[in-house]
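Asks: Sharing query.tsv (TSV, C-alpha atoms and all ligand atoms) below.
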chain	number	residue	atom	x	y	z
A	12	MET	CA	0.00	0.00	0.00
A	13	PHE	CA	1.21	3.53	-0.83
A	14	ILE	CA	0.15	6.44	1.40
A	15	ASP	CA	0.66	10.13	0.69
A	16	ALA	CA	2.27	11.31	3.94
A	17	ARG	CA	1.08	14.85	3.28
A	18	GLN	CA	-2.42	13.67	4.24
A	19	LEU	CA	-1.40	12.60	7.75
A	20	PRO	CA	-2.60	14.88	10.56
A	21	GLU	CA	0.07	16.92	12.32
A	22	GLU	CA	1.95	15.06	15.11
A	23	THR	CA	0.46	11.66	14.26
A	24	SER	CA	2.40	8.74	15.80
A	25	VAL	CA	2.76	5.64	13.65
A	26	GLU	CA	4.12	2.35	15.04
A	27	THR	CA	5.62	-0.56	13.19
A	28	ALA	CA	8.07	-3.42	13.70
A	29	VAL	CA	10.56	-2.49	10.98
A	30	CYS	CA	11.13	0.91	9.41
A	31	ILE	CA	13.17	1.25	6.23
A	32	ILE	CA	14.22	4.81	5.43
A	33	GLY	CA	14.68	5.39	1.70
A	34	ALA	CA	13.20	3.48	-1.25
A	35	GLY	CA	16.17	3.26	-3.59
A	36	ALA	CA	18.12	0.18	-4.66
A	37	ALA	CA	18.94	-0.76	-1.05
A	38	GLY	CA	15.59	0.09	0.56
A	39	ILE	CA	13.50	-1.68	-2.07
A	40	THR	CA	15.76	-4.74	-1.98
A	41	VAL	CA	15.50	-5.05	1.80
A	42	ALA	CA	11.74	-4.41	1.72
A	43	ARG	CA	11.28	-7.27	-0.78
A	44	GLU	CA	13.03	-9.61	1.67
A	45	PHE	CA	10.28	-8.87	4.20
A	46	ILE	CA	7.29	-9.48	1.91
A	47	GLY	CA	4.90	-12.00	3.41
A	48	ARG	CA	6.53	-12.03	6.86
A	49	SER	CA	4.42	-11.94	10.02
A	50	PHE	CA	5.46	-8.39	11.02
A	51	GLN	CA	4.65	-4.96	9.67
A	52	VAL	CA	7.14	-2.93	7.69
A	53	VAL	CA	7.04	0.79	6.90
A	54	LEU	CA	9.02	2.17	3.98
A	55	LEU	CA	9.57	5.94	4.24
A	56	GLU	CA	10.38	7.63	0.95
A	57	SER	CA	11.20	11.30	0.56
A	58	GLY	CA	9.83	11.57	-2.96
A	59	ALA	CA	6.82	10.45	-4.92
A	60	LEU	CA	6.41	7.69	-7.50
A	61	ASP	CA	7.73	10.07	-10.14
A	62	TYR	CA	10.15	12.96	-10.25
A	63	ASP	CA	9.08	15.94	-8.17
A	64	GLU	CA	11.03	19.17	-8.58
A	65	ALA	CA	10.47	20.50	-5.07
A	66	THR	CA	11.54	17.25	-3.42
A	67	GLN	CA	14.61	16.98	-5.63
A	68	THR	CA	15.91	20.29	-4.26
A	69	LEU	CA	16.35	18.56	-0.88
A	70	CYS	CA	19.44	16.89	-2.34
A	71	ASP	CA	21.14	20.25	-2.53
A	72	GLY	CA	23.71	21.43	-0.03
A	73	GLU	CA	27.01	23.15	0.42
A	74	ASN	CA	30.05	21.41	-0.96
A	75	ALA	CA	33.42	22.20	0.58
A	76	GLY	CA	35.37	19.81	-1.63
A	77	ARG	CA	35.86	19.30	-5.33
A	78	PRO	CA	33.08	20.53	-7.61
A	79	TYR	CA	30.22	18.05	-7.41
A	80	SER	CA	26.58	18.45	-8.28
A	81	LEU	CA	24.74	17.31	-5.17
A	82	ILE	CA	21.37	18.09	-6.66
A	83	GLY	CA	21.86	16.57	-10.10
A	84	SER	CA	23.76	13.43	-9.21
A	85	ARG	CA	21.06	11.62	-7.27
A	86	MET	CA	17.34	11.04	-7.72
A	87	ARG	CA	14.92	11.62	-4.90
A	88	TYR	CA	11.87	9.51	-5.66
A	89	PHE	CA	10.71	5.89	-5.45
A	90	GLY	CA	13.56	3.84	-6.95
A	91	GLY	CA	16.18	6.38	-5.90
A	92	SER	CA	19.22	6.88	-8.07
A	93	THR	CA	18.46	3.75	-10.09
A	94	ASN	CA	15.93	6.00	-11.84
A	95	HIS	CA	18.84	7.33	-13.87
A	96	TRP	CA	21.71	4.95	-13.26
A	97	GLY	CA	23.83	3.46	-16.03
A	98	GLY	CA	23.23	-0.11	-14.89
A	99	GLN	CA	26.91	-1.00	-15.12
A	100	CYS	CA	27.74	-3.71	-12.61
A	101	ARG	CA	30.53	-5.99	-11.41
A	102	PRO	CA	31.62	-7.30	-8.04
A	103	LEU	CA	34.52	-5.66	-6.22
A	104	ASP	CA	37.97	-7.21	-6.64
A	105	GLU	CA	39.92	-9.06	-3.94
A	106	ILE	CA	42.33	-6.14	-3.56
A	107	ASP	CA	39.49	-3.82	-2.59
A	108	PHE	CA	39.18	-5.75	0.68
A	109	GLU	CA	42.89	-5.88	1.50
A	110	GLU	CA	44.81	-3.66	3.85
A	111	ARG	CA	47.16	-1.53	1.75
A	112	ASP	CA	49.69	0.68	3.46
A	113	TRP	CA	49.23	3.39	0.86
A	114	VAL	CA	45.44	3.56	1.40
A	115	PRO	CA	44.55	5.01	4.81
A	116	HIS	CA	41.88	3.02	6.71
A	117	SER	CA	42.00	0.23	4.10
A	118	GLY	CA	41.24	-3.40	4.93
A	119	TRP	CA	37.85	-4.95	5.48
A	120	PRO	CA	37.21	-7.48	8.26
A	121	PHE	CA	36.46	-10.10	5.58
A	122	GLY	CA	37.56	-10.92	2.06
A	123	ARG	CA	35.77	-10.85	-1.26
A	124	SER	CA	34.74	-14.54	-1.02
A	125	HIS	CA	32.56	-13.69	1.96
A	126	LEU	CA	30.37	-11.58	-0.33
A	127	ASP	CA	30.18	-13.99	-3.26
A	128	PRO	CA	26.86	-15.60	-2.28
A	129	PHE	CA	25.37	-12.16	-1.79
A	130	TYR	CA	26.73	-10.94	-5.11
A	131	GLU	CA	24.92	-13.76	-6.84
A	132	ARG	CA	21.66	-12.81	-5.17
A	133	ALA	CA	22.17	-9.13	-6.00
A	134	HIS	CA	22.90	-10.14	-9.57
A	135	SER	CA	19.54	-11.75	-9.87
A	136	ILE	CA	17.75	-8.77	-8.23
A	137	CYS	CA	19.46	-6.46	-10.74
A	138	GLN	CA	18.30	-8.84	-13.50
A	139	LEU	CA	21.80	-9.16	-14.89
A	140	GLY	CA	21.57	-12.68	-16.30
A	141	ALA	CA	24.20	-15.34	-15.68
A	142	PHE	CA	26.81	-14.58	-13.02
A	143	VAL	CA	29.82	-14.67	-15.37
A	144	TYR	CA	32.74	-12.28	-14.90
A	145	ASP	CA	35.50	-14.50	-16.21
A	146	ALA	CA	37.13	-12.73	-19.16
A	147	ALA	CA	38.42	-16.04	-20.50
A	148	ALA	CA	34.85	-17.27	-20.95
A	149	TYR	CA	34.08	-14.28	-23.16
A	150	GLU	CA	37.37	-14.51	-25.03
A	151	ALA	CA	36.85	-18.22	-25.72
A	152	ARG	CA	33.41	-17.54	-27.12
A	153	ILE	CA	34.62	-14.95	-29.58
A	154	ASP	CA	38.02	-16.56	-30.19
A	155	SER	CA	39.84	-13.29	-29.63
A	156	ARG	CA	42.31	-12.01	-27.08
A	157	ALA	CA	44.40	-8.87	-27.00
A	158	ALA	CA	48.04	-9.98	-27.40
A	159	PHE	CA	49.49	-7.64	-24.79
A	160	ILE	CA	47.11	-8.67	-22.03
A	161	GLY	CA	48.81	-10.36	-19.13
A	162	ARG	CA	50.36	-9.35	-15.89
A	163	ARG	CA	50.08	-5.59	-16.13
A	164	VAL	CA	46.95	-5.18	-18.20
A	165	VAL	CA	43.94	-7.40	-17.75
A	166	THR	CA	40.40	-7.56	-19.06
A	167	LYS	CA	37.65	-6.93	-16.58
A	168	ILE	CA	34.10	-7.84	-17.46
A	169	PHE	CA	31.18	-5.54	-16.67
A	170	ARG	CA	27.54	-6.49	-16.94
A	171	TYR	CA	24.75	-4.07	-17.78
A	172	THR	CA	21.15	-3.91	-16.73
A	173	SER	CA	18.27	-1.66	-17.66
A	174	THR	CA	16.41	-2.48	-14.45
A	175	LEU	CA	14.93	0.57	-12.75
A	176	PHE	CA	14.08	-0.61	-9.24
A	177	GLY	CA	11.25	1.89	-8.80
A	178	GLN	CA	9.42	0.55	-11.84
A	179	VAL	CA	10.26	-3.15	-11.80
A	180	TYR	CA	9.46	-3.70	-8.11
A	181	ARG	CA	6.74	-1.08	-7.60
A	182	ASP	CA	3.72	-3.36	-7.91
A	183	GLU	CA	5.25	-6.07	-5.77
A	184	ILE	CA	5.81	-3.56	-2.96
A	185	ARG	CA	2.38	-1.99	-3.47
A	186	ARG	CA	0.56	-5.35	-3.31
A	187	SER	CA	2.43	-6.59	-0.25
A	188	ARG	CA	0.08	-6.79	2.74
A	189	ASN	CA	2.70	-6.18	5.38
A	190	ILE	CA	4.51	-3.28	3.73
A	191	THR	CA	3.21	0.27	3.89
A	192	THR	CA	5.07	2.90	1.88
A	193	TYR	CA	4.75	6.56	2.84
A	194	LEU	CA	5.58	8.91	-0.02
A	195	PHE	CA	6.64	12.57	0.41
A	196	ALA	CA	7.96	11.48	3.83
A	197	ASN	CA	11.31	13.10	4.66
A	198	VAL	CA	13.08	11.72	7.69
A	199	VAL	CA	14.77	14.68	9.36
A	200	GLU	CA	16.00	13.15	12.62
A	201	ILE	CA	16.62	9.79	14.25
A	202	GLU	CA	15.71	9.90	17.93
A	203	THR	CA	17.42	7.58	20.42
A	204	ASP	CA	17.12	6.57	24.05
A	205	GLU	CA	19.18	8.46	26.65
A	206	SER	CA	22.28	6.37	26.06
A	207	GLY	CA	22.22	7.21	22.39
A	208	ARG	CA	22.66	3.52	21.55
A	209	THR	CA	19.14	2.54	20.54
A	210	ALA	CA	17.05	4.31	17.91
A	211	THR	CA	13.49	4.64	19.13
A	212	ARG	CA	11.64	6.77	16.58
A	213	VAL	CA	12.18	9.05	13.61
A	214	ARG	CA	10.86	12.52	12.92
A	215	VAL	CA	9.25	12.81	9.50
A	216	ALA	CA	8.47	16.11	7.80
A	217	CYS	CA	6.57	16.86	4.61
A	218	LEU	CA	7.48	19.83	2.46
A	219	GLN	CA	3.92	21.14	2.86
A	220	GLY	CA	4.49	21.50	6.59
A	221	ASN	CA	2.96	18.59	8.50
A	222	LYS	CA	5.27	16.54	10.70
A	223	PHE	CA	4.79	13.16	12.34
A	224	TRP	CA	6.66	10.45	14.31
A	225	LEU	CA	7.31	6.86	13.44
A	226	SER	CA	8.39	4.36	16.13
A	227	ALA	CA	9.87	0.95	15.32
A	228	LYS	CA	11.84	-1.89	16.88
A	229	LEU	CA	14.30	-1.84	14.00
A	230	PHE	CA	15.38	0.96	11.68
A	231	ILE	CA	17.19	0.41	8.41
A	232	LEU	CA	18.91	3.43	6.95
A	233	ALA	CA	18.90	3.25	3.14
A	234	THR	CA	18.98	6.85	1.97
A	235	GLY	CA	22.19	6.56	-0.07
A	236	GLY	CA	25.89	7.31	0.34
A	237	ILE	CA	25.47	11.02	1.06
A	238	GLU	CA	22.11	11.20	2.81
A	239	ASN	CA	22.87	8.38	5.29
A	240	PRO	CA	25.77	10.32	6.86
A	241	ARG	CA	23.79	13.55	6.63
A	242	LEU	CA	20.97	12.05	8.66
A	243	LEU	CA	23.32	10.48	11.22
A	244	LEU	CA	25.16	13.77	11.69
A	245	LEU	CA	21.90	15.69	11.97
A	246	SER	CA	20.72	13.35	14.74
A	247	ASN	CA	22.92	14.88	17.42
A	248	LYS	CA	20.70	15.49	20.42
A	249	VAL	CA	22.44	12.86	22.56
A	250	HIS	CA	25.82	12.58	20.88
A	251	ARG	CA	26.93	16.03	19.79
A	252	ALA	CA	29.04	14.66	16.92
A	253	GLY	CA	26.10	12.70	15.53
A	254	LEU	CA	24.95	9.09	15.72
A	255	GLY	CA	27.65	6.45	15.33
A	256	ASN	CA	30.25	9.15	14.89
A	257	GLN	CA	32.39	8.57	17.97
A	258	TYR	CA	35.44	8.08	15.71
A	259	ASP	CA	34.65	11.04	13.46
A	260	LEU	CA	34.40	8.71	10.46
A	261	VAL	CA	30.76	9.13	9.42
A	262	GLY	CA	30.73	10.52	5.90
A	263	ARG	CA	34.51	10.42	5.54
A	264	PHE	CA	34.64	7.70	2.89
A	265	PHE	CA	32.43	9.02	0.15
A	266	MET	CA	33.95	8.11	-3.20
A	267	GLU	CA	32.86	9.07	-6.69
A	268	HIS	CA	34.35	7.68	-9.88
A	269	ALA	CA	38.05	8.19	-9.30
A	270	CYS	CA	39.44	8.55	-12.81
A	271	PHE	CA	42.78	9.41	-14.26
A	272	LYS	CA	44.48	8.93	-17.60
A	273	SER	CA	47.05	6.19	-17.33
A	274	GLY	CA	47.99	5.78	-20.96
A	275	ILE	CA	46.88	5.83	-24.54
A	276	LEU	CA	46.34	2.69	-26.52
A	277	ALA	CA	47.21	3.19	-30.19
A	278	LEU	CA	46.06	0.29	-32.33
A	279	THR	CA	47.40	-0.39	-35.80
A	280	GLN	CA	44.34	-2.55	-36.39
A	281	PRO	CA	41.48	-0.99	-34.42
A	282	THR	CA	39.13	-3.84	-35.27
A	283	VAL	CA	41.24	-6.34	-33.31
A	284	LEU	CA	39.63	-5.39	-30.02
A	285	GLU	CA	36.14	-4.73	-31.32
A	286	ALA	CA	34.75	-8.11	-30.46
A	287	LEU	CA	35.09	-7.82	-26.72
A	288	TYR	CA	35.47	-4.12	-26.14
A	289	ALA	CA	33.29	-2.43	-28.70
A	290	THR	CA	30.34	-4.62	-29.50
A	291	ASN	CA	27.68	-6.36	-27.51
A	292	GLN	CA	28.29	-10.06	-27.00
A	293	GLU	CA	25.03	-11.12	-25.45
A	294	PRO	CA	21.75	-10.72	-27.30
A	295	GLY	CA	19.36	-8.79	-25.13
A	296	ASP	CA	22.10	-7.25	-23.02
A	297	HIS	CA	22.67	-3.55	-22.71
A	298	PRO	CA	24.35	-2.44	-25.96
A	299	ILE	CA	27.64	-1.59	-24.34
A	300	PRO	CA	30.72	-3.82	-24.57
A	301	PRO	CA	31.34	-5.95	-21.47
A	302	GLY	CA	35.14	-5.77	-21.54
A	303	GLN	CA	37.35	-3.02	-20.14
A	304	LEU	CA	41.12	-2.99	-20.13
A	305	ARG	CA	42.57	-2.30	-16.73
A	306	GLY	CA	46.05	-1.81	-15.44
A	307	THR	CA	46.81	-3.97	-12.46
A	308	SER	CA	48.55	-3.10	-9.24
A	309	ALA	CA	50.47	-6.39	-9.25
A	310	GLU	CA	53.82	-5.01	-10.31
A	311	PRO	CA	54.02	-1.94	-8.09
A	312	ARG	CA	53.32	-4.15	-5.12
A	313	GLN	CA	56.57	-6.08	-5.55
A	314	PRO	CA	59.24	-5.06	-3.02
A	315	GLY	CA	62.11	-3.15	-4.57
A	316	ASP	CA	60.13	-1.83	-7.50
A	317	PRO	CA	60.61	1.97	-7.57
A	318	ARG	CA	56.90	2.37	-8.25
A	319	GLN	CA	56.31	0.86	-4.82
A	320	ARG	CA	57.75	4.14	-3.56
A	321	GLY	CA	55.54	6.14	-5.87
A	322	ARG	CA	58.14	6.99	-8.48
A	323	CYS	CA	58.56	6.14	-12.10
A	324	PRO	CA	61.57	3.88	-12.83
A	325	ARG	CA	62.95	6.42	-15.29
A	326	GLN	CA	62.89	9.13	-12.65
A	327	GLU	CA	64.74	6.75	-10.36
A	328	GLN	CA	67.55	6.70	-12.90
A	329	SER	CA	67.75	10.32	-13.98
A	330	ALA	CA	65.71	13.40	-13.29
A	331	THR	CA	67.06	15.03	-16.45
A	332	GLU	CA	64.86	12.81	-18.54
A	333	LEU	CA	61.79	14.55	-17.23
A	334	GLU	CA	59.89	16.97	-19.39
A	335	ASP	CA	57.63	19.81	-18.40
A	336	ASP	CA	54.18	18.75	-17.32
A	337	PRO	CA	52.05	18.94	-20.46
A	338	GLN	CA	49.12	20.15	-18.38
A	339	GLY	CA	51.26	23.11	-17.28
A	340	GLN	CA	50.70	22.53	-13.58
A	341	GLY	CA	53.37	24.79	-12.11
A	342	GLU	CA	56.80	23.32	-11.52
A	343	ARG	CA	55.63	19.76	-11.71
A	344	LYS	CA	57.58	17.59	-14.13
A	345	THR	CA	56.49	14.35	-15.68
A	346	CYS	CA	58.35	11.42	-17.09
A	347	THR	CA	58.59	11.42	-20.89
A	348	GLU	CA	57.78	7.74	-20.94
A	349	CYS	CA	54.85	7.30	-18.63
A	350	HIS	CA	53.94	10.86	-17.58
A	351	TRP	CA	54.36	9.89	-13.94
A	352	PRO	CA	54.58	13.18	-12.03
A	353	ARG	CA	57.93	13.71	-10.34
A	354	ASP	CA	56.43	14.94	-7.09
A	355	ARG	CA	53.72	12.32	-6.85
A	356	PRO	CA	53.51	11.31	-3.17
A	357	ARG	CA	54.38	7.81	-2.07
A	358	GLY	CA	51.98	5.21	-3.27
A	359	ALA	CA	49.67	7.53	-5.16
A	360	GLY	CA	48.48	6.03	-8.42
A	361	GLN	CA	48.61	2.52	-7.09
A	362	VAL	CA	44.94	2.02	-7.53
A	363	ASP	CA	44.20	0.11	-10.71
A	364	ALA	CA	45.46	2.39	-13.42
A	365	GLY	CA	42.86	3.68	-15.80
A	366	ALA	CA	40.07	2.14	-13.81
A	367	LYS	CA	36.79	3.70	-12.87
A	368	ARG	CA	36.25	2.60	-9.30
A	369	ARG	CA	32.73	2.20	-7.98
B	1	LIG	C1	23.90	9.30	-12.96
B	1	LIG	C2	24.20	8.07	-12.16
B	1	LIG	C3	24.64	6.92	-12.81
B	1	LIG	C4	24.94	5.77	-12.08
B	1	LIG	N1	25.36	4.65	-12.72
B	1	LIG	C5	25.67	3.54	-12.03
B	1	LIG	C6	26.10	2.37	-12.69
B	1	LIG	O1	26.21	2.32	-13.90
B	1	LIG	N2	26.39	1.28	-11.93
B	1	LIG	C7	26.27	1.30	-10.55
B	1	LIG	O2	26.55	0.28	-9.91
B	1	LIG	N3	25.84	2.40	-9.91
B	1	LIG	C8	25.55	3.50	-10.61
B	1	LIG	N4	25.11	4.61	-9.96
B	1	LIG	C9	25.00	4.55	-8.51
B	1	LIG	C10	23.72	3.85	-8.06
B	1	LIG	O3	22.61	4.45	-8.66
B	1	LIG	C11	23.66	3.94	-6.55
B	1	LIG	O4	24.81	3.35	-6.01
B	1	LIG	C12	22.45	3.25	-5.95
B	1	LIG	O5	21.25	3.73	-6.49
B	1	LIG	C13	22.49	3.47	-4.45
B	1	LIG	O6	21.37	2.86	-3.89
B	1	LIG	P1	20.83	3.37	-2.51
B	1	LIG	O7	19.57	2.62	-2.25
B	1	LIG	O8	21.91	3.30	-1.50
B	1	LIG	O9	20.51	4.93	-2.71
B	1	LIG	P2	19.51	5.60	-3.74
B	1	LIG	O10	19.25	4.73	-4.90
B	1	LIG	O11	20.01	6.98	-4.00
B	1	LIG	O12	18.14	5.70	-2.92
B	1	LIG	C14	18.02	6.50	-1.78
B	1	LIG	C15	16.53	6.78	-1.57
B	1	LIG	O13	16.38	7.39	-0.29
B	1	LIG	C16	15.50	8.49	-0.41
B	1	LIG	N5	15.85	9.45	0.64
B	1	LIG	C17	16.96	10.23	0.69
B	1	LIG	N6	16.94	10.94	1.83
B	1	LIG	C18	15.81	10.63	2.49
B	1	LIG	C19	15.23	11.05	3.71
B	1	LIG	N7	15.84	11.94	4.51
B	1	LIG	N8	14.05	10.52	4.08
B	1	LIG	C20	13.42	9.60	3.30
B	1	LIG	N9	13.94	9.17	2.13
B	1	LIG	C21	15.11	9.68	1.74
B	1	LIG	C22	15.72	9.02	-1.82
B	1	LIG	O14	14.61	9.75	-2.29
B	1	LIG	C23	15.96	7.74	-2.59
B	1	LIG	O15	14.77	7.21	-3.12
B	1	LIG	C24	24.79	5.77	-10.66
B	1	LIG	C25	24.32	6.92	-10.01
B	1	LIG	C26	24.05	8.04	-10.73
B	1	LIG	C27	23.57	9.25	-9.99
So, in terms of structure tokens, how does the structure I just supplied come out?

Replies:
Amino acid sequence: MFIDARQLPEETSVETAVCIIGAGAAGITVAREFIGRSFQVVLLESGALDYDEATQTLCDGENAGRPYSLIGSRMRYFGGSTNHWGGQCRPLDEIDFEERDWVPHSGWPFGRSHLDPFYERAHSICQLGAFVYDAAAYEARIDSRAAFIGRRVVTKIFRYTSTLFGQVYRDEIRRSRNITTYLFANVVEIETDESGRTATRVRVACLQGNKFWLSAKLFILATGGIENPRLLLLSNKVHRAGLGNQYDLVGRFFMEHACFKSGILALTQPTVLEALYATNQEPGDHPIPPGQLRGTSAEPRQPGDPRQRGRCPRQEQSATELEDDPQGQGERKTCTECHWPRDRPRGAGQVDAGAKRR
């Protein structure tokens, strides 16, 4: 059932067992897990079923960092940012979970294999087809492989979906007897008990002015990578620094697509790579090639390699071989061979070269 929260009388108190805040990819996925259970679930969504200009402006805010469009980069209605996502998907790599001394705070408490069963389930929810990310399987099918691929450059497979969560799963959520979705319902504060350890209720406000409370035994925060920290930091009545922020880490790990140019591939026969990198291999799939070439971090991680210390091998030999930075960035010099900046700090650039990281 969908309810327009703007119709609720001022200061109404709603009670439920489970409250999910945000109906994007995460919120809808979790809500579907609860369909048909013996308890009641409330899904609170800031927006409507379709785009609403006034609600979208709530994404706006001040940005103290690099230029970034807070208002245009996310979507604030049922389905969340999947309403305009590219649908490009692949699991994280093993290295993403490892502790790396050049990446502060790196290292997860578990490895990639721990997530594999969940990846397969997510794959099916995203309607991505068979769970195949092995480049060799694609290369064998098309009988083609780039000759230079090996230790330093590898093929990574991406899968594409056109699934918009807000459309594909809307009816299922609507029909569910134990799930009630409130639209136009903006959570503005999470209230806790006196210890600040247990969330007890949330304050919900509609743009038109009415406000109400929702109490639950369990709250699931699914408002996205920027709004989750925003809400936790806003909820600071008991803990001045915000909920869960005793280590000052809430919101510190936001990452967009970190991109940099690592090289240029000049092909004498451009058609050689077309099969895997420039045409669609699977009928019915998104018409974007599944393969991407990626530099690896295998070599720089070997002890003794000058790149381990964040320097190009040529610079290690002679600084005179450096040329002026073609981008004209002050005094910075780059290597004529690989354009590695002379003053690059230790370890920088040791993420997968040329990769777009999600
Ligand atoms: C242009 C673009 C392209 C993208 N392309 C890709 C891609 O190709 N591949 C990929 O993997 N990812 C892509 N992404 C990222 C992907 O869309 C997100 O990672 C994903 O949607 C996050 O899911 P989520 O549920 O955490 O948040 P969202 O999908 O953003 O959902 C959050 C929901 O919470 C609601 N909400 C927010 N604040 C409140 C509040 N205070 N109270 C109540 N509700 C609230 C919002 O209205 C929204 O519906 C793209 C994103 C953008 C913007």

Asks: Quick one: residues within 6 Å of ligand LIG 1 (chain B), with all atoms listed in the file, as a ChimeraX atom specification?

Replies: /A:32-38,55-58,84-85,87-93,95-100,196-199,233-236,238

Asks: Residues around (12.5, 0.0, 13.1), cut-off 12 Å, counting all atoms listed in the file - what are they as a CSV table (one decimal) with C-alpha atoms, in the coordinates of the input?

Replies:
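Output file selection.csv is given in full below:
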chain,number,residue,atom,x,y,z
A,25,VAL,CA,2.8,5.6,13.6
A,26,GLU,CA,4.1,2.4,15.0
A,27,THR,CA,5.6,-0.6,13.2
A,28,ALA,CA,8.1,-3.4,13.7
A,29,VAL,CA,10.6,-2.5,11.0
A,30,CYS,CA,11.1,0.9,9.4
A,31,ILE,CA,13.2,1.2,6.2
A,32,ILE,CA,14.2,4.8,5.4
A,50,PHE,CA,5.5,-8.4,11.0
A,51,GLN,CA,4.6,-5.0,9.7
A,52,VAL,CA,7.1,-2.9,7.7
A,53,VAL,CA,7.0,0.8,6.9
A,54,LEU,CA,9.0,2.2,4.0
A,55,LEU,CA,9.6,5.9,4.2
A,201,ILE,CA,16.6,9.8,14.2
A,202,GLU,CA,15.7,9.9,17.9
A,203,THR,CA,17.4,7.6,20.4
A,209,THR,CA,19.1,2.5,20.5
A,210,ALA,CA,17.0,4.3,17.9
A,211,THR,CA,13.5,4.6,19.1
A,212,ARG,CA,11.6,6.8,16.6
A,213,VAL,CA,12.2,9.0,13.6
A,225,LEU,CA,7.3,6.9,13.4
A,226,SER,CA,8.4,4.4,16.1
A,227,ALA,CA,9.9,1.0,15.3
A,228,LYS,CA,11.8,-1.9,16.9
A,229,LEU,CA,14.3,-1.8,14.0
A,230,PHE,CA,15.4,1.0,11.7
A,231,ILE,CA,17.2,0.4,8.4
A,232,LEU,CA,18.9,3.4,7.0

Asks: Can you tell me which residues surround A:Thr166 at a distance of at most 7 Å, considering all atoms listed in the file, apart from same-chain residues fewer than 5 positions away, and format the answer as a PyMOL selection string?

Replies: chain A and resi 146+302-305

Asks: Sort by chain and increasing residue number a table of all residues of stretch 45-162 of chain A within 12 Å of stretch 257-274 of chain A, each with its closest pair of atoms and their distance in Å to one decimal, counting all atoms listed in the file, and write it as JSON lines.

Replies:
{"residue": "A:Gly76", "atom": "CA", "partner": "A:Phe265", "partner_atom": "CA", "distance": 11.3}
{"residue": "A:Arg77", "atom": "CA", "partner": "A:Glu267", "partner_atom": "CA", "distance": 10.7}
{"residue": "A:Pro78", "atom": "CA", "partner": "A:Glu267", "partner_atom": "CA", "distance": 11.5}
{"residue": "A:Tyr79", "atom": "CA", "partner": "A:Glu267", "partner_atom": "CA", "distance": 9.4}
{"residue": "A:Ser80", "atom": "CA", "partner": "A:Glu267", "partner_atom": "CA", "distance": 11.4}
{"residue": "A:Leu81", "atom": "CA", "partner": "A:Glu267", "partner_atom": "CA", "distance": 11.7}
{"residue": "A:Ser84", "atom": "CA", "partner": "A:Glu267", "partner_atom": "CA", "distance": 10.4}
{"residue": "A:Val114", "atom": "CA", "partner": "A:Phe264", "partner_atom": "CA", "distance": 11.7}
{"residue": "A:Pro115", "atom": "CA", "partner": "A:Phe264", "partner_atom": "CA", "distance": 10.4}
{"residue": "A:His116", "atom": "CA", "partner": "A:Phe264", "partner_atom": "CA", "distance": 9.4}
{"residue": "A:Ser117", "atom": "CA", "partner": "A:Phe264", "partner_atom": "CA", "distance": 10.6}

Asks: Given the choices A:Phe121, A:Tyr149, A:Arg241, A:Ser24, which gets closest to A:Cys70 if the distance is worked out from all atoms listed in the file?

Replies: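 Among the listed residues, A:Arg241 lies closest to A:Cys70.
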
Asks: Fewer than 5 positions away in the same chain doesn't count, so skip those; otherwise give me all residues within 7 Å of A:Pro301, counting all atoms listed in the file, as a PyMOL selection string.

Replies: chain A and resi 168-170+287-288

Asks: Separation of atom CA of A:Asp127 and atom CA of A:Pro102, in Å?

Replies: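 Atom-to-atom, atom CA of A:Asp127 to atom CA of A:Pro102, that is 8.3 Å.
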